[in-house]
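Text of the file data.txt, holding compact mmCIF, C-alpha atoms:
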# COMPACT_ATOMS: atom_id res chain seq x y z
CA MET M 657 8.20 22.44 17.47
CA ASN M 658 6.38 21.32 14.35
CA PRO M 659 5.86 17.53 14.71
CA ILE M 660 6.62 16.98 11.03
CA LEU M 661 9.99 18.69 11.40
CA ALA M 662 10.61 16.77 14.61
CA THR M 663 10.00 13.45 12.90
CA TRP M 664 11.79 14.04 9.60
CA PRO M 665 14.63 11.63 10.53
CA LEU M 666 12.05 8.91 11.11
CA LEU M 667 10.23 9.67 7.85
CA LEU M 668 13.49 9.77 5.90
CA GLY M 669 14.77 6.57 7.46
CA MET M 670 11.53 4.66 6.96
CA GLY M 671 11.31 5.85 3.36
CA ILE M 672 14.80 4.48 2.69
CA LEU M 673 13.93 1.28 4.56
CA MET M 674 10.84 0.77 2.39
CA LEU M 675 12.98 1.14 -0.70
CA GLY M 676 15.07 -1.75 0.56
CA ALA M 677 12.13 -3.87 1.72
CA GLY M 678 10.13 -3.33 -1.47
CA LEU M 679 13.11 -4.11 -3.70
CA GLN M 680 13.98 -7.23 -1.72
CA SER M 681 10.51 -8.76 -1.96
CA THR M 682 10.25 -8.28 -5.72
CA LEU M 683 13.88 -9.23 -6.33
CA LEU M 684 13.49 -12.56 -4.54
CA GLY M 685 10.49 -13.51 -6.66
CA VAL M 686 12.29 -12.62 -9.89
CA ARG M 687 15.54 -14.37 -8.92
CA ALA M 688 13.75 -17.50 -7.67
CA THR M 689 11.99 -17.81 -11.00
CA SER M 690 15.23 -17.28 -12.91
CA GLU M 691 16.90 -19.98 -10.80
CA ALA M 692 14.07 -22.37 -11.74
CA PHE M 693 12.86 -22.82 -8.18
CA PRO M 694 9.56 -24.74 -8.27
CA THR M 695 6.73 -22.26 -7.71
CA THR M 696 5.55 -24.31 -4.74
CA VAL M 697 8.97 -23.91 -3.14
CA THR M 698 9.02 -20.20 -3.95
CA GLY M 699 5.63 -19.79 -2.30
CA ILE M 700 6.86 -21.53 0.85
CA ILE M 701 9.95 -19.30 0.93
CA MET M 702 7.79 -16.20 0.69
CA SER M 703 5.44 -17.46 3.39
CA CYS M 704 8.37 -17.76 5.78
CA TYR M 705 8.52 -13.95 5.94
CA TYR M 706 5.01 -13.78 7.39
CA VAL M 707 5.73 -16.58 9.84
CA GLY M 708 8.76 -14.63 11.01
CA TYR M 709 6.68 -11.50 11.23
CA LEU M 710 4.25 -13.19 13.57
CA VAL M 711 7.19 -14.36 15.71
CA GLY M 712 8.57 -10.84 15.67
CA THR M 713 5.34 -9.37 16.96
CA ARG M 714 5.77 -11.53 20.05
CA LEU M 715 9.49 -11.00 20.59
CA ALA M 716 9.96 -7.32 19.75
CA PRO M 717 7.97 -5.81 22.64
CA GLN M 718 9.93 -7.90 25.13
CA LEU M 719 13.26 -6.88 23.58
CA LEU M 720 12.29 -3.21 23.65
CA ARG M 721 11.53 -3.35 27.35
CA ARG M 722 14.85 -5.04 28.10
CA VAL M 723 17.42 -3.12 26.05
CA GLY M 724 15.62 -0.09 24.63
CA PRO M 725 14.41 0.81 21.13
CA VAL M 726 17.62 2.31 19.70
CA ARG M 727 19.73 -0.77 20.39
CA VAL M 728 16.96 -3.06 19.17
CA PHE M 729 16.60 -1.09 15.94
CA ALA M 730 20.34 -1.10 15.23
CA THR M 731 20.64 -4.81 15.96
CA LEU M 732 17.66 -5.85 13.86
CA ALA M 733 18.58 -3.59 10.95
CA ALA M 734 22.07 -5.10 10.93
CA LEU M 735 20.61 -8.61 10.90
CA ALA M 736 18.19 -7.67 8.11
CA SER M 737 21.13 -6.37 6.07
CA VAL M 738 23.00 -9.63 6.64
CA ALA M 739 19.93 -11.59 5.55
CA ALA M 740 19.81 -9.63 2.29
CA LEU M 741 23.48 -10.41 1.62
CA VAL M 742 22.98 -14.11 2.38
CA HIS M 743 20.21 -14.20 -0.24
CA GLY M 744 22.69 -13.01 -2.85
CA THR M 745 25.51 -15.28 -1.70
CA TRP M 746 23.78 -18.64 -1.19
CA VAL M 747 21.08 -19.04 -3.81
CA HIS M 748 19.28 -22.10 -2.47
CA PRO M 749 15.74 -22.60 -1.12
CA VAL M 750 16.80 -23.63 2.39
CA PRO M 751 18.98 -20.60 3.30
CA TRP M 752 16.51 -18.34 1.51
CA ALA M 753 13.63 -19.66 3.62
CA LEU M 754 15.65 -19.19 6.80
CA MET M 755 16.65 -15.66 5.81
CA ARG M 756 13.07 -14.75 4.94
CA LEU M 757 12.06 -15.96 8.39
CA LEU M 758 14.81 -13.84 9.92
CA SER M 759 13.78 -10.83 7.80
CA GLY M 760 10.21 -11.11 9.05
CA ILE M 761 11.37 -11.11 12.66
CA CYS M 762 13.70 -8.16 12.05
CA PHE M 763 11.20 -5.97 10.23
CA ALA M 764 8.59 -6.59 12.92
CA GLY M 765 10.99 -5.20 15.51
CA ILE M 766 12.05 -2.33 13.26
CA TYR M 767 8.45 -1.21 12.83
CA VAL M 768 7.89 -1.32 16.59
CA VAL M 769 10.90 0.94 17.21
CA ALA M 770 10.03 3.42 14.48
CA GLU M 771 6.45 3.69 15.58
CA SER M 772 7.36 4.00 19.24
CA TRP M 773 9.18 7.14 18.19
CA LEU M 774 6.08 8.27 16.32
CA ASN M 775 4.08 7.50 19.44
CA HIS M 776 6.39 9.74 21.43
CA ARG M 777 5.95 12.64 19.00
CA ALA M 778 2.24 12.39 18.20
CA SER M 779 -0.57 14.13 20.06
CA SER M 780 -4.31 14.33 19.64
CA SER M 781 -4.03 17.56 17.67
CA ASN M 782 -1.58 16.31 15.04
CA ARG M 783 -2.13 12.55 15.00
CA GLY M 784 -4.13 12.39 11.76
CA GLN M 785 -1.71 14.59 9.84
CA LEU M 786 1.33 12.74 11.13
CA LEU M 787 -0.07 9.30 10.34
CA ALA M 788 -1.18 10.36 6.87
CA ILE M 789 2.33 11.54 6.01
CA TYR M 790 3.89 8.45 7.58
CA MET M 791 1.72 6.07 5.55
CA LEU M 792 2.29 8.09 2.39
CA VAL M 793 6.06 7.72 2.87
CA LEU M 794 5.72 3.95 3.35
CA TYR M 795 3.61 3.43 0.24
CA VAL M 796 5.69 5.71 -1.95
CA GLY M 797 8.81 3.90 -0.76
CA LEU M 798 7.35 0.47 -1.54
CA GLY M 799 6.07 1.59 -4.93
CA GLY M 800 9.21 3.46 -5.90
CA ALA M 801 11.38 0.51 -4.90
CA GLN M 802 10.05 -1.49 -7.84
CA PHE M 803 11.92 0.69 -10.31
CA LEU M 804 15.24 0.05 -8.55
CA LEU M 805 15.00 -3.43 -9.99
CA VAL M 806 16.11 -2.17 -13.40
CA LEU M 807 19.39 -0.67 -12.14
CA SER M 808 21.22 -4.01 -12.22
CA SER M 809 20.68 -7.59 -13.27
CA PRO M 810 18.66 -9.69 -10.81
CA GLN M 811 20.98 -12.56 -11.73
CA SER M 812 23.91 -10.85 -10.00
CA ALA M 813 24.63 -10.09 -6.36
CA GLN M 814 24.50 -6.34 -6.95
CA PRO M 815 20.78 -5.78 -6.24
CA PHE M 816 21.07 -7.75 -3.00
CA MET M 817 23.98 -5.52 -2.03
CA LEU M 818 21.80 -2.52 -2.82
CA VAL M 819 19.06 -3.87 -0.53
CA ALA M 820 21.59 -4.31 2.29
CA ALA M 821 22.97 -0.83 1.68
CA LEU M 822 19.50 0.74 1.80
CA ILE M 823 18.57 -1.04 5.03
CA SER M 824 21.87 -0.02 6.61
CA THR M 825 21.51 3.57 5.41
CA ALA M 826 18.06 3.75 6.96
CA MET M 827 19.72 3.34 10.35
CA VAL M 828 21.67 6.58 10.04
CA PRO M 829 18.89 9.19 10.45
CA ILE M 830 16.84 7.05 12.84
CA VAL M 831 19.59 5.88 15.20
CA GLY M 832 21.32 9.24 15.04
CA SER M 833 18.20 11.14 16.09
CA ALA M 834 16.11 8.63 18.04
CA GLN M 835 15.28 9.21 21.66
CA GLU M 836 14.81 6.48 24.18
CA VAL M 837 11.09 6.08 24.66
CA ALA M 838 9.08 3.79 26.83
CA GLY M 839 8.79 0.24 25.56
CA PRO M 840 5.40 -1.08 24.53
CA ALA M 841 3.02 -2.52 27.03
CA VAL M 842 1.53 -5.97 26.67
CA PRO M 843 -1.71 -5.67 24.74
CA GLN M 844 -5.03 -6.63 26.23
CA ARG M 845 -6.51 -9.92 25.09
CA VAL M 846 -9.79 -10.38 23.32
CA ARG M 847 -11.76 -13.54 22.65
CA PHE M 848 -11.82 -14.50 18.99
CA ARG M 849 -15.19 -16.16 19.38
CA GLU M 850 -16.74 -12.97 20.73
CA LEU M 851 -15.12 -10.94 17.97
CA TYR M 852 -16.52 -13.25 15.29
CA ARG M 853 -19.93 -13.28 16.93
CA ASN M 854 -20.06 -9.49 16.81
CA SER M 855 -18.90 -9.18 13.19
CA PRO M 856 -18.63 -12.37 11.13
CA VAL M 857 -18.10 -10.55 7.83
CA GLY M 858 -15.45 -8.28 9.31
CA VAL M 859 -13.40 -11.11 10.81
CA VAL M 860 -13.58 -13.30 7.70
CA ALA M 861 -12.70 -10.32 5.48
CA VAL M 862 -9.70 -9.47 7.68
CA ALA M 863 -8.40 -13.03 7.23
CA LEU M 864 -8.95 -13.19 3.48
CA SER M 865 -7.49 -9.71 2.96
CA GLY M 866 -4.31 -10.97 4.62
CA MET M 867 -4.07 -13.82 2.15
CA ILE M 868 -4.80 -11.54 -0.81
CA SER M 869 -2.22 -8.91 0.11
CA SER M 870 0.50 -11.49 0.80
CA ILE M 871 -0.17 -13.14 -2.56
CA ILE M 872 0.08 -9.81 -4.39
CA PHE M 873 3.28 -8.67 -2.69
CA SER M 874 5.05 -12.04 -2.61
CA MET M 875 3.86 -13.94 -5.66
CA GLY M 876 3.15 -11.00 -7.96
CA PRO M 877 6.79 -10.85 -9.14
CA VAL M 878 6.82 -14.62 -9.69
CA TYR M 879 3.60 -14.45 -11.72
CA SER M 880 4.79 -11.60 -13.92
CA ARG M 881 8.16 -13.25 -14.51
CA LEU M 882 6.59 -16.57 -15.48
CA SER M 883 4.22 -14.68 -17.76
CA GLY M 884 7.21 -13.56 -19.80
CA PHE M 885 7.76 -10.07 -18.39
CA GLY M 886 11.27 -8.70 -18.33
CA THR M 887 12.76 -6.90 -15.37
CA ARG M 888 11.18 -3.59 -16.34
CA GLY M 889 7.83 -5.28 -16.89
CA VAL M 890 7.91 -6.84 -13.43
CA ALA M 891 8.75 -3.45 -11.92
CA GLU M 892 5.86 -1.78 -13.74
CA PHE M 893 3.39 -4.49 -12.74
CA MET M 894 4.30 -4.33 -9.06
CA ALA M 895 4.44 -0.53 -8.95
CA VAL M 896 1.00 -0.25 -10.54
CA SER M 897 -0.41 -2.83 -8.13
CA ILE M 898 0.91 -1.02 -5.06
CA LEU M 899 0.28 2.60 -6.02
CA ALA M 900 -3.26 1.94 -7.27
CA ALA M 901 -4.31 1.01 -3.75
CA VAL M 902 -3.21 4.40 -2.45
CA LEU M 903 -5.62 6.18 -4.78
CA THR M 904 -8.68 4.08 -3.95
CA GLN M 905 -8.53 3.85 -0.16
CA TYR M 906 -9.98 7.23 0.71
CA PRO M 907 -12.92 7.47 -1.75
CA VAL M 908 -13.98 3.87 -1.12
CA GLY M 909 -13.76 4.41 2.63
CA ARG M 910 -15.84 7.56 2.54
CA LEU M 911 -18.45 5.75 0.48
CA SER M 912 -18.61 3.06 3.18
CA ASP M 913 -19.36 5.76 5.77
CA ARG M 914 -22.56 6.59 3.90
CA MET M 915 -23.95 3.08 3.39
CA ASP M 916 -23.76 -0.45 4.75
CA ARG M 917 -20.07 -1.36 4.77
CA ARG M 918 -20.93 -4.93 3.85
CA THR M 919 -22.42 -3.64 0.61
CA VAL M 920 -19.19 -1.80 -0.17
CA ILE M 921 -17.10 -4.87 0.74
CA ALA M 922 -19.24 -7.05 -1.50
CA SER M 923 -19.03 -4.49 -4.32
CA MET M 924 -15.25 -4.26 -4.14
CA CYS M 925 -14.97 -8.05 -4.00
CA LEU M 926 -17.34 -8.49 -6.94
CA LEU M 927 -15.39 -5.97 -9.02
CA ALA M 928 -12.11 -7.63 -8.11
CA THR M 929 -13.52 -11.07 -8.95
CA ILE M 930 -14.73 -9.95 -12.38
CA VAL M 931 -11.38 -8.32 -13.18
CA ALA M 932 -9.40 -11.34 -11.96
CA ALA M 933 -11.55 -13.68 -14.03
CA ALA M 934 -11.12 -11.49 -17.10
CA ILE M 935 -7.34 -11.53 -16.75
CA ALA M 936 -7.18 -15.27 -16.05
CA VAL M 937 -9.42 -16.19 -18.97
CA SER M 938 -8.27 -13.64 -21.54
CA SER M 939 -4.49 -13.78 -21.11
CA PRO M 940 -2.40 -12.71 -22.87
CA LEU M 941 -3.72 -9.15 -23.04
CA PRO M 942 -2.25 -5.96 -24.53
CA ARG M 943 0.25 -4.50 -22.07
CA VAL M 944 -1.63 -1.27 -21.34
CA LEU M 945 -4.93 -3.09 -20.87
CA PHE M 946 -3.30 -5.67 -18.61
CA LEU M 947 -1.70 -3.06 -16.37
CA THR M 948 -4.99 -1.16 -16.21
CA LEU M 949 -6.87 -4.27 -15.12
CA ALA M 950 -4.13 -5.18 -12.63
CA ALA M 951 -4.39 -1.69 -11.11
CA LEU M 952 -8.18 -2.01 -10.97
CA PHE M 953 -7.91 -5.36 -9.19
CA SER M 954 -5.38 -4.18 -6.61
CA GLY M 955 -7.20 -0.89 -6.12
CA SER M 956 -10.31 -2.88 -5.23
CA ALA M 957 -8.86 -5.84 -3.34
CA LEU M 958 -6.38 -3.91 -1.21
CA THR M 959 -9.18 -1.79 0.29
CA LEU M 960 -10.65 -4.85 1.99
CA TYR M 961 -8.55 -4.69 5.15
CA SER M 962 -9.48 -1.10 5.92
CA LEU M 963 -13.15 -1.74 5.17
CA SER M 964 -13.27 -4.90 7.27
CA VAL M 965 -11.54 -3.34 10.28
CA SER M 966 -13.94 -0.42 10.10
CA HIS M 967 -16.86 -2.84 9.99
CA VAL M 968 -15.57 -4.72 13.04
CA ASN M 969 -15.20 -1.47 14.97
CA ASP M 970 -18.78 -0.51 14.11
CA LYS M 971 -19.85 -3.39 16.37
CA LEU M 972 -17.57 -2.55 19.30
CA ALA M 973 -17.73 -0.14 22.17
CA PRO M 974 -14.88 2.42 22.10
CA ALA M 975 -13.04 0.80 25.00
CA GLN M 976 -12.91 -2.51 23.09
CA MET M 977 -11.40 -1.15 19.89
CA VAL M 978 -7.76 -1.07 20.94
CA ALA M 979 -7.86 -4.59 22.38
CA ALA M 980 -9.56 -5.92 19.23
CA SER M 981 -6.82 -4.49 16.99
CA SER M 982 -4.22 -7.02 18.17
CA ALA M 983 -6.61 -9.91 17.53
CA LEU M 984 -7.35 -8.64 14.04
CA LEU M 985 -3.61 -8.29 13.37
CA LEU M 986 -3.03 -11.86 14.45
CA ILE M 987 -5.86 -13.13 12.24
CA ASN M 988 -4.61 -11.12 9.27
CA GLY M 989 -0.98 -12.16 9.70
CA THR M 990 -1.75 -15.84 10.22
CA ALA M 991 -3.82 -15.98 7.05
CA ALA M 992 -1.12 -14.07 5.16
CA ALA M 993 1.38 -16.81 5.99
CA PHE M 994 -0.69 -19.31 3.98
CA GLY M 995 -1.25 -17.14 0.90
CA PRO M 996 2.08 -17.46 -0.97
CA ALA M 997 2.47 -21.19 -0.27
CA LEU M 998 -1.08 -21.90 -1.47
CA THR M 999 -0.68 -19.84 -4.63
CA GLY M 1000 2.74 -21.31 -5.39
CA GLY M 1001 1.33 -24.82 -5.27
CA LEU M 1002 -1.61 -23.93 -7.50
CA MET M 1003 0.62 -22.15 -10.02
CA ALA M 1004 2.87 -25.21 -10.15
CA ALA M 1005 -0.14 -27.38 -10.93
CA TYR M 1006 -2.16 -25.12 -13.22
CA GLY M 1007 0.23 -22.48 -14.55
CA THR M 1008 0.26 -18.71 -14.30
CA ARG M 1009 -3.52 -18.45 -14.70
CA ALA M 1010 -3.77 -19.80 -11.16
CA TYR M 1011 -2.41 -16.49 -9.80
CA PHE M 1012 -5.42 -14.40 -10.66
CA GLY M 1013 -7.56 -17.52 -10.44
CA THR M 1014 -6.64 -17.88 -6.76
CA LEU M 1015 -7.15 -14.19 -6.07
CA GLY M 1016 -10.49 -14.20 -7.86
CA THR M 1017 -11.62 -17.29 -5.96
CA LEU M 1018 -10.82 -15.63 -2.62
CA THR M 1019 -12.65 -12.39 -3.50
CA GLY M 1020 -15.54 -14.37 -5.00
CA ALA M 1021 -15.89 -16.50 -1.88
CA LEU M 1022 -15.92 -13.38 0.29
CA THR M 1023 -18.59 -11.85 -1.96
CA LEU M 1024 -20.87 -14.83 -1.47
CA TYR M 1025 -20.26 -14.98 2.28
CA ASP M 1026 -20.87 -11.24 2.60
CA LEU M 1027 -24.18 -11.42 0.74
CA TRP M 1028 -25.27 -14.40 2.82
CA ARG M 1029 -24.55 -12.54 6.06
CA LYS M 1030 -26.45 -9.50 4.79
CA VAL M 1031 -29.54 -11.67 4.62
CA ARG M 1032 -28.97 -12.97 8.15
CA ARG M 1033 -28.22 -9.68 9.93
CA SER M 1034 -29.37 -6.07 9.69
CA PRO M 1035 -26.87 -3.29 8.90
CA VAL M 1036 -25.33 -1.03 11.53
CA PRO M 1037 -27.43 2.13 12.00
CA GLN M 1038 -25.82 5.20 10.45
CA ASN M 1039 -25.57 7.05 13.76
CA GLN M 1040 -23.67 4.16 15.37
CA LYS M 1041 -20.95 3.80 12.76
CA SER M 1042 -17.31 4.38 13.67
CA PRO M 1043 -15.23 6.63 11.41
CA PHE M 1044 -13.73 4.80 8.42
CA ILE M 1045 -10.18 3.56 9.05
CA ASN M 1046 -8.43 4.24 5.77
CA THR M 1047 -4.83 3.62 4.86
CA ARG M 1048 -3.87 7.22 5.41
CA ASP M 1049 -5.30 7.03 8.93
CA LEU M 1050 -3.58 3.77 9.75
CA VAL M 1051 -0.12 3.23 11.13
CA THR M 1052 1.61 -0.06 11.54
CA SER M 1053 1.63 0.38 15.29
CA ALA M 1054 -0.83 1.21 18.00
CA GLY M 1055 -1.19 3.19 21.19
CA LEU M 1056 -0.30 6.50 19.53
CA ASP M 1057 -0.61 8.51 22.69
CA PRO M 1058 2.45 9.93 24.45
CA ALA M 1059 0.90 9.75 27.89
CA PRO M 1060 -1.70 6.99 28.28
CA ALA M 1061 -3.74 6.98 31.42
CA ALA M 1062 -2.52 4.92 34.32
CA GLY M 1063 -3.72 1.36 34.29
CA VAL M 1064 -4.48 1.32 30.59
CA GLU M 1065 -2.37 -0.94 28.43
CA PRO M 1066 -2.17 0.47 24.89
CA LEU M 1067 -1.73 -1.93 22.02
CA GLU M 1068 1.85 -1.90 20.80
CA LEU M 1069 2.23 -4.61 18.16
CA PRO M 1070 3.84 -3.85 14.81
CA ARG M 1071 1.55 -3.40 11.83
CA ALA M 1072 -1.56 -3.25 13.96
CA ARG M 1073 -3.87 -0.54 12.76
CA ILE M 1074 -5.26 2.22 14.95
CA LEU M 1075 -7.79 4.94 14.64
CA ALA M 1076 -6.34 8.35 13.91
CA ASP M 1077 -9.50 10.13 14.95
CA PRO M 1078 -8.82 12.15 18.14
CA ASP M 1079 -12.25 11.42 19.60
CA VAL M 1080 -11.84 7.70 19.19
CA ALA M 1081 -8.30 7.90 20.52
CA GLN M 1082 -9.65 9.66 23.59
CA SER M 1083 -12.25 6.92 24.03
CA ALA M 1084 -9.53 4.29 23.79
CA ARG M 1085 -7.96 5.70 26.95
CA MET M 1086 -11.01 4.62 28.96
CA PRO M 1087 -10.41 1.66 31.28
CA ALA M 1088 -11.32 -1.48 29.38
CA LYS M 1089 -14.39 -3.43 30.44
CA ARG M 1090 -15.12 -7.09 30.12
CA PRO M 1091 -17.80 -7.90 27.56
CA ASP M 1092 -20.29 -8.80 30.29
CA GLU M 1093 -19.87 -5.36 31.92
CA PHE M 1094 -21.27 -3.39 28.99
CA ALA M 1095 -24.75 -2.03 29.27
CA ALA M 1096 -27.13 -2.46 26.38
CA SER M 1097 -26.52 1.13 25.33
CA ASP M 1098 -22.75 0.63 25.15
CA GLN M 1099 -22.72 -1.74 22.23
CA TYR M 1100 -24.82 -2.19 19.13
CA ARG M 1101 -26.10 -5.74 18.75
CA PRO M 1102 -28.16 -6.08 15.58
CA PRO M 1103 -30.79 -8.79 15.41
CA ASP M 1104 -29.78 -12.14 13.93

For this file, write the structure as structure tokens.
Amino acid sequence: MNPILATWPLLLGMGILMLGAGLQSTLLGVRATSEAFPTTVTGIIMSCYYVGYLVGTRLAPQLLRRVGPVRVFATLAALASVAALVHGTWVHPVPWALMRLLSGICFAGIYVVAESWLNHRASSSNRGQLLAIYMLVLYVGLGGAQFLLVLSSPQSAQPFMLVAALISTAMVPIVGSAQEVAGPAVPQRVRFRELYRNSPVGVVAVALSGMISSIIFSMGPVYSRLSGFGTRGVAEFMAVSILAAVLTQYPVGRLSDRMDRRTVIASMCLLATIVAAAIAVSSPLPRVLFLTLAALFSGSALTLYSLSVSHVNDKLAPAQMVAASSALLLINGTAAAFGPALTGGLMAAYGTRAYFGTLGTLTGALTLYDLWRKVRRSPVPQNQKSPFINTRDLVTSAGLDPAPAAGVEPLELPRARILADPDVAQSARMPAKRPDEFAASDQYRPPD
């Protein structure tokens, strides 16, 4: 059976779920601003989602092994729907923070279940195609959700009810068609010190990209609202910011396959820094020019995760790549938890200019660090590069192999990224070695 046809309930359900998730994130920022929440408080509320997400990555695999994915999905989706309704019923920072924490935990588990199903359906021959379609559905859902904001007033409970309805509706095709699949195995551990030693730029870029993305998704609505945008303006700003990244991932990634990835990372950071500085200094700008610059910034900055993960994998032996993915996820998610709170505090102190000022400072700092490391270490030889991991080839799961070899523990954390390349996937099935067991030919170690 065609794998796309076999997974249409999953794709439909996740598309609906992303409509709810994307609307909820933007709606909370708009409503918090309208309720005159201090921007520092709003930032802390938004950060609670990422804290919950980190907790969820630890709890979800255990729950799946105990009660099965279908029951876990139904339970967590129901709780996520309740959280959305609580947001609309009790408009206060404390319950909002608690519900954002709960939402993070729930969505982590939901992604694990959905992607376990994808794991069950995917094979080496269709993995790339399946993941590309899956990621396209997620991004289109998140981008399209922004326009649902204009259907009702953010001041009312109606949009929160819509979020709850969308999350609940997403359960119908998934729960109705899901099959019980094996729960995820505990991922292998990797030493952070060794990972940083192999690729300092990659690890630092993974962390900063987490902060940047969390700021854009969580504080973008707050920034646009405080800048005087109406509901439609907020929706346009967020949609442009999200959808621009879809267009830039592939060409930027292919360019990085042909030259030193650090050069591409520095170039994207430099471009993003210049654009962020222009917006921060020149505001207010004409609407069309502002949206164009915002798209250019997001299109540049949101490529950093894919570029940095690819750079890290350039320095690893194939058997290490899967184990390293969980560590990179943890680094990225931990940094993301600090982004909204930091930006909220700076915006409270310095105004809306601090939004792009913060983003530009982060990309500027990464530019300088990248250039400094380029002086200290030689680039990876062209023939030793791993294939670029672009957004279309990433899935927010890991271990996409229906029958892993005995004794191998595939990574199964939500929102971890994996290689969609069949050859690399085959290499990932090799029994993992300790770092001291690799021969000199197994791993590229450029001179300091």

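Picture a line from atom CA of M:Gly1013 to atom CA of M:Ala932; it runs 6.6 Å.
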
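The coordinates place atom CA of M:Val742 at 27.2 Å from atom CA of M:Gly884.
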
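With only C-alpha atoms as the basis for measurement, M:Ala1021 is the residue among M:Ala928, M:Ala716, M:Leu949, M:Ala1021 that approaches M:Leu864 most closely.
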
Worksheet item: Which value, in Å to one decimal, gives the distance between atom CA of M:Ile930 and atom CA of M:Thr1023?
Response: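 Taking atom CA of M:Ile930 and atom CA of M:Thr1023, their separation equals 11.3 Å.
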
Worksheet item: Any idea what's packed within 8 Å of M:Val896, counting all atoms listed in the file, ignoring anything in its chain fewer than 6 positions away? Could you give it as a ChimeraX atom specification?
Response: /M:799,947,950-951

Worksheet entry | Of the listed residues M:Ala753, M:Pro877, M:Ala863, M:Leu851, that which approaches M:Leu1022 most closely, counting only C-alpha atoms | M:Ala863

Could you give me, as an mmCIF file with C-alpha atoms, keeping the file's coordinate frame, the residues that have an atom at most 8 Å away from the point (4.9, 0.0, -3.8) in the coordinates of the file, using all atoms listed in the file?
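Listed below is the output, selection21.cif:
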data_model
loop_
_atom_site.group_PDB
_atom_site.id
_atom_site.type_symbol
_atom_site.label_atom_id
_atom_site.label_comp_id
_atom_site.auth_asym_id
_atom_site.auth_seq_id
_atom_site.Cartn_x
_atom_site.Cartn_y
_atom_site.Cartn_z
ATOM 1 C CA GLY M 678 10.130 -3.330 -1.470
ATOM 2 C CA TYR M 795 3.610 3.430 0.240
ATOM 3 C CA VAL M 796 5.690 5.710 -1.950
ATOM 4 C CA GLY M 797 8.810 3.900 -0.760
ATOM 5 C CA LEU M 798 7.350 0.470 -1.540
ATOM 6 C CA GLY M 799 6.070 1.590 -4.930
ATOM 7 C CA GLY M 800 9.210 3.460 -5.900
ATOM 8 C CA ALA M 801 11.380 0.510 -4.900
ATOM 9 C CA GLN M 802 10.050 -1.490 -7.840
ATOM 10 C CA MET M 894 4.300 -4.330 -9.060
ATOM 11 C CA ALA M 895 4.440 -0.530 -8.950
ATOM 12 C CA VAL M 896 1.000 -0.250 -10.540
ATOM 13 C CA SER M 897 -0.410 -2.830 -8.130
ATOM 14 C CA ILE M 898 0.910 -1.020 -5.060
ATOM 15 C CA LEU M 899 0.280 2.600 -6.020
#

Fill in: Nearest to M:Tyr852, chosen from M:Gly708, M:Thr696, M:Asn969, M:Leu667, with only C-alpha atoms counted in the distances
M:Asn969

Fill in: Residue among M:Ile830, M:Leu941, M:Val920, M:Ala1005 lying closest to M:Ala662, counting only C-alpha atoms
M:Ile830

Item to complete: Select, from M:Leu666, M:Gly699, M:Thr745, M:Ala891, the residue with the minimum atom-to-atom distance to M:Met817, counting all atoms listed in the file.
Response: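 So, comparing all the options, the nearest one is M:Thr745.
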
Discussion item. Please list as a list in words every residue within 8 Å of M:Pro996, counting all atoms listed in the file and excluding residues in the same chain fewer than 5 positions away.
Written reply: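 Close residues of M:Pro996: Gly699, Ile700, Met702, Ser703, Met867, Ser870, Ile871, Ser874 and Met875 of chain M.
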
Discussion item. Given the point (18.4, -6.6, 3.5) in the file's coordinates, find the residues that have an atom at most 6 Å from it, counting all atoms listed in the file, and give them as a PyMOL selection string.
Written reply: chain M and resi 736-737+739-740+819-820+823

Item to complete: Determine, counting all atoms listed in the file, which protein, DNA and RNA residues have an atom within 9 Å of an atom of M:Gln811; residues of the same chain fewer than 5 positions away are not included. Present the result as JSON, numbers by chain.
Response: {"M": [686, 687, 690, 691]}

Worksheet, complete the sentence: Restricting to only C-alpha atoms, whichever of M:Ala1010, M:Ala997, M:Val965, M:Leu758 is closest to M:Gly909 is M:Val965

Worksheet item: Counting all atoms listed in the file, what is within 10 Å of M:Tyr961, bar same-chain residues fewer than 4 positions away, as a ChimeraX atom specification?
Response: /M:858-859,861-866,868-869,921,957,965-967,984,988,1045-1047,1073
